[in-house]
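> Sharing a structure, written as structure tokens. Questions coming.
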Amino acid sequence: MTTMEPAPALVHLDSPFINFRDFDFGEGSHGYRWVNAKRFQLASEALDDRSVLAALIADPQFRDTYDGAGVQDWPRHGQWWLDRITPDTYRAVDDATAADTIHSWAGRHGDVPEQLQSRLRQEVYTPIRTATSRYVLGQLPEDAFHDYGPIHMDYHELVLVDRSAATLTLLVAAGD
């Protein structure tokens with residue numbers, strides 16, 4: 001008799017990366033900023049959002065410090081120890097709040113070039129608008145920083161759950 005592993009709640013699809021350096025800011029500055037989107041297919045069974053957030057945190061793709069090393073088998077995520085992040089560290093936000101978080105951050109150093117605006121609309125603002133629920137990673141305590149964090153400036157993390165498309169998108173926007 002063989003035992004079957006349960007199907008994963010999430011299946012990683014892709015990880016589009018937007019590097020602000022790739023766009024002409026003219027007299028302005030790109031500020032060494034970037035957006036990383038990790039997109040996942042949601043399992044067909046209807047998990048509640050807290051269970052979906054727990055599945056994201058448990059997924060190997062979540063173990064990324066966004067420092068260029070990529071996904072590793074280590075107990076870190078972003079600037080934090082992995083065990084300090086739970087579904088309860090995320091708070092629900094509406095689409096306007098989520099979009100404004102990224103919009104304010106992206107325009108911090110001046111006007112955003114139209115080509116970059118177009119990419120942000122496609123990869124960030126449209127998924128924010130079409131998501132059925134949105135979460136922002138809340139403030140974590142000082143002792144949650146891992147052994148070489150904080151390493152990013154203006155770190156923003158959003159989780160977008162789109163039930164109609166059966167997808168989850170983890171958006172990380174930061175500057176080096």
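In the structure tokens, chains take the letters A, B, ... in the order shown, each chain's residues start at 1, and ligands count up from 1 in the order shown.
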I'd like the contact shell of Ile57 in chain A - 10 Å cut-off, only C-alpha atoms, skipping same-chain residues fewer than 6 positions apart - returned as JSON, numbers by chain.

{"A": [51, 63, 77, 82, 83, 85, 86, 87]}

> How close does range 15-91 of chain A get to range 141-146 of chain A? List, as CSV, each residue of range 15-91 of chain A within 7 Å, its nearest atom pair and the distance in Å to one decimal, counting only C-alpha atoms.


```
residue,atom,partner,partner_atom,distance
A:Arg76,CA,A:His146,CA,6.8
A:Gln79,CA,A:Phe145,CA,5.6
A:Trp80,CA,A:Phe145,CA,4.4
A:Trp81,CA,A:His146,CA,5.0
A:Arg84,CA,A:Ala144,CA,5.9
```

> Could you write out that same residue set with all heavy atoms as a PDB file, in the first residue's frame?


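Writing the result to selection_30.pdb gives the following:
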```
ATOM      1  N   ARG A  76      15.200  32.216   7.479  1.00  0.00           N
ATOM      2  CA  ARG A  76      15.079  33.664   7.314  1.00  0.00           C
ATOM      3  C   ARG A  76      14.106  33.983   6.195  1.00  0.00           C
ATOM      4  O   ARG A  76      13.998  33.242   5.210  1.00  0.00           O
ATOM      5  CB  ARG A  76      16.439  34.276   6.969  1.00  0.00           C
ATOM      6  CG  ARG A  76      17.485  34.126   8.036  1.00  0.00           C
ATOM      7  CD  ARG A  76      18.818  34.719   7.543  1.00  0.00           C
ATOM      8  NE  ARG A  76      19.895  34.415   8.451  1.00  0.00           N
ATOM      9  CZ  ARG A  76      20.657  33.336   8.374  1.00  0.00           C
ATOM     10  NH1 ARG A  76      20.454  32.443   7.415  1.00  0.00           N
ATOM     11  NH2 ARG A  76      21.622  33.134   9.248  1.00  0.00           N
ATOM     12  N   GLN A  79      14.120  40.414   6.106  1.00  0.00           N
ATOM     13  CA  GLN A  79      15.053  40.846   7.154  1.00  0.00           C
ATOM     14  C   GLN A  79      14.847  40.099   8.469  1.00  0.00           C
ATOM     15  O   GLN A  79      15.517  40.387   9.438  1.00  0.00           O
ATOM     16  CB  GLN A  79      14.854  42.340   7.417  1.00  0.00           C
ATOM     17  CG  GLN A  79      14.978  43.158   6.149  1.00  0.00           C
ATOM     18  CD  GLN A  79      14.728  44.615   6.377  1.00  0.00           C
ATOM     19  OE1 GLN A  79      15.665  45.371   6.536  1.00  0.00           O
ATOM     20  NE2 GLN A  79      13.468  45.009   6.418  1.00  0.00           N
ATOM     21  N   TRP A  80      13.929  39.142   8.481  1.00  0.00           N
ATOM     22  CA  TRP A  80      13.481  38.566   9.744  1.00  0.00           C
ATOM     23  C   TRP A  80      13.736  37.072   9.858  1.00  0.00           C
ATOM     24  O   TRP A  80      13.849  36.359   8.866  1.00  0.00           O
ATOM     25  CB  TRP A  80      11.981  38.820   9.897  1.00  0.00           C
ATOM     26  CG  TRP A  80      11.694  40.278   9.887  1.00  0.00           C
ATOM     27  CD1 TRP A  80      11.802  41.151  10.936  1.00  0.00           C
ATOM     28  CD2 TRP A  80      11.299  41.066   8.784  1.00  0.00           C
ATOM     29  NE1 TRP A  80      11.492  42.423  10.541  1.00  0.00           N
ATOM     30  CE2 TRP A  80      11.180  42.402   9.213  1.00  0.00           C
ATOM     31  CE3 TRP A  80      11.034  40.790   7.443  1.00  0.00           C
ATOM     32  CZ2 TRP A  80      10.805  43.436   8.388  1.00  0.00           C
ATOM     33  CZ3 TRP A  80      10.657  41.822   6.611  1.00  0.00           C
ATOM     34  CH2 TRP A  80      10.550  43.128   7.097  1.00  0.00           C
ATOM     35  N   TRP A  81      13.784  36.650  11.120  1.00  0.00           N
ATOM     36  CA  TRP A  81      13.790  35.224  11.402  1.00  0.00           C
ATOM     37  C   TRP A  81      12.440  34.671  10.983  1.00  0.00           C
ATOM     38  O   TRP A  81      11.393  35.251  11.278  1.00  0.00           O
ATOM     39  CB  TRP A  81      14.037  34.945  12.884  1.00  0.00           C
ATOM     40  CG  TRP A  81      15.414  35.299  13.337  1.00  0.00           C
ATOM     41  CD1 TRP A  81      15.771  36.296  14.196  1.00  0.00           C
ATOM     42  CD2 TRP A  81      16.634  34.658  12.953  1.00  0.00           C
ATOM     43  NE1 TRP A  81      17.129  36.321  14.361  1.00  0.00           N
ATOM     44  CE2 TRP A  81      17.687  35.318  13.608  1.00  0.00           C
ATOM     45  CE3 TRP A  81      16.935  33.585  12.103  1.00  0.00           C
ATOM     46  CZ2 TRP A  81      19.016  34.945  13.454  1.00  0.00           C
ATOM     47  CZ3 TRP A  81      18.265  33.215  11.949  1.00  0.00           C
ATOM     48  CH2 TRP A  81      19.284  33.887  12.622  1.00  0.00           C
ATOM     49  N   ARG A  84       9.411  34.173  13.382  1.00  0.00           N
ATOM     50  CA  ARG A  84       8.741  35.354  13.932  1.00  0.00           C
ATOM     51  C   ARG A  84       7.568  35.798  13.065  1.00  0.00           C
ATOM     52  O   ARG A  84       6.842  36.708  13.423  1.00  0.00           O
ATOM     53  CB  ARG A  84       9.715  36.522  14.085  1.00  0.00           C
ATOM     54  CG  ARG A  84      10.953  36.179  14.871  1.00  0.00           C
ATOM     55  CD  ARG A  84      10.627  35.832  16.329  1.00  0.00           C
ATOM     56  NE  ARG A  84      11.775  35.337  17.017  1.00  0.00           N
ATOM     57  CZ  ARG A  84      12.739  36.074  17.533  1.00  0.00           C
ATOM     58  NH1 ARG A  84      12.701  37.369  17.438  1.00  0.00           N
ATOM     59  NH2 ARG A  84      13.753  35.507  18.155  1.00  0.00           N
TER      60      ARG A  84
END
```

> Between range 51-128 of chain A and range 33-38 of chain A, at 10 Å or less, what are the per-residue closest atom pairs and their distances in Å? Count only C-alpha atoms, order by chain and rising residue number, and return it as JSON lines.


```
{"residue": "A:Gln61", "atom": "CA", "partner": "A:Lys38", "partner_atom": "CA", "distance": 7.9}
{"residue": "A:Phe62", "atom": "CA", "partner": "A:Lys38", "partner_atom": "CA", "distance": 8.8}
{"residue": "A:Tyr66", "atom": "CA", "partner": "A:Asn36", "partner_atom": "CA", "distance": 8.5}
{"residue": "A:Ile102", "atom": "CA", "partner": "A:Val35", "partner_atom": "CA", "distance": 9.4}
{"residue": "A:Trp105", "atom": "CA", "partner": "A:Arg33", "partner_atom": "CA", "distance": 9.3}
{"residue": "A:Ala106", "atom": "CA", "partner": "A:Arg33", "partner_atom": "CA", "distance": 8.0}
{"residue": "A:Leu120", "atom": "CA", "partner": "A:Val35", "partner_atom": "CA", "distance": 8.8}
{"residue": "A:Glu123", "atom": "CA", "partner": "A:Ala37", "partner_atom": "CA", "distance": 7.6}
{"residue": "A:Val124", "atom": "CA", "partner": "A:Ala37", "partner_atom": "CA", "distance": 8.1}
```

> Which of range 9-141 of chain A counts as helix (DSSP H, G or I) under DSSP, as a count of residues only please?

51

> Quick one: of A:Tyr135, A:Tyr155, A:Tyr125, A:Phe20, who's nearest to Asp94 in chain A, counting only C-alpha atoms?

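That would be A:Tyr135, the residue with the smallest distance to Asp94 in chain A.
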
> Which one is closest to Gly70 in chain A: A:Thr126, A:Ser118, A:Ser15, A:His109? Count only C-alpha atoms.

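The closest residue to Gly70 in chain A is A:Ser15.
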
> List the spatial neighbours of Leu170 in chain A as number ranges by chain - criterion: any atom at most 12 Å away, only C-alpha atoms, same-chain residues fewer than 3 positions off excluded.

A: 10, 12-17, 35-41, 52-53, 56-57, 59, 61-62, 64, 78, 90, 123-124, 127-128, 131, 134-137, 156-162, 167, 173

> So which one's closest to His103 in chain A, A:Asp49, A:Asp88, A:Arg121, A:Ala58? Using only C-alpha atoms, please.

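Comparing A:Asp49, A:Asp88, A:Arg121, A:Ala58 against His103 in chain A, the winner is A:Arg121.
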
> Among the residues of range 52-143 of chain A, find those DSSP assigns to strand (DSSP E or B) from the backbone and print them as a list in words.

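Here is the list: Asp64, Val71, Arg76, His77, Trp80, Trp81, Tyr90, Arg91, Ala92, Val93, Ser133, Arg134, Tyr135, Val136 and Leu137 of chain A.
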
> Take the selection from the previous step and output its residues with C-alpha atoms, as a PDB file, in the first residue's frame.


```pdb
ATOM      1  CA  ASP A  64      14.357  34.446   0.527  1.00  0.00           C
ATOM      2  CA  VAL A  71      15.823  31.019  -2.088  1.00  0.00           C
ATOM      3  CA  ARG A  76      15.079  33.664   7.314  1.00  0.00           C
ATOM      4  CA  HIS A  77      12.611  35.691   5.285  1.00  0.00           C
ATOM      5  CA  TRP A  80      13.481  38.566   9.744  1.00  0.00           C
ATOM      6  CA  TRP A  81      13.790  35.224  11.402  1.00  0.00           C
ATOM      7  CA  TYR A  90      -0.193  40.158   8.393  1.00  0.00           C
ATOM      8  CA  ARG A  91      -3.089  42.594   8.511  1.00  0.00           C
ATOM      9  CA  ALA A  92      -5.836  42.953   5.956  1.00  0.00           C
ATOM     10  CA  VAL A  93      -5.863  46.131   3.860  1.00  0.00           C
ATOM     11  CA  SER A 133      -8.082  39.994  -0.298  1.00  0.00           C
ATOM     12  CA  ARG A 134      -4.841  41.817   0.437  1.00  0.00           C
ATOM     13  CA  TYR A 135      -2.492  41.672   3.402  1.00  0.00           C
ATOM     14  CA  VAL A 136       0.464  43.760   4.472  1.00  0.00           C
ATOM     15  CA  LEU A 137       3.230  42.443   6.714  1.00  0.00           C
TER      16      LEU A 137
END
```

> Between CA of Arg163 in chain A and CA of Gln72 in chain A, what is the spacing in Å?

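Taking CA of Gln72 in chain A as the start and CA of Arg163 in chain A as the end point, the length is 28.6 Å.
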
> Which one is closest to Asp48 in chain A: A:Ile18, A:Asp73, A:Ala9, A:Gly31? Count only C-alpha atoms.

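The closest residue to Asp48 in chain A is A:Ala9.
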
> Kindly give the distance, in Å, that separates CA of Asp147 in chain A and CA of Asp176 in chain A, rounded to a single decimal.

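For CA of Asp147 in chain A relative to CA of Asp176 in chain A, the distance reads 17.2 Å.
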
> Using Å and a single decimal, report how far CA of Asp154 in chain A sits from CA of Arg119 in chain A.

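Between these atoms lies a distance of 19.9 Å.
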
> Between A:Pro113, A:Gln122, A:Asp67, A:Gln139, which residue has the minimum interatomic distance to Phe23 in chain A, considering only C-alpha atoms?

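Selected residue with least distance to Phe23 in chain A: A:Pro113.
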
> When distances are computed from only C-alpha atoms, which of A:Ser44, A:Thr132, A:Ser29, A:Thr65 shows the smallest separation from Arg108 in chain A?

A:Ser29

> Which residues, written as a list in words, have at least one atom at most 10 Å from Asp111 in chain A, with only C-alpha atoms counted and residues fewer than 6 positions away on the same chain left out?

Phe25, Gly26, Glu27, Gly28, Ser29, His30 and Gln117 of chain A
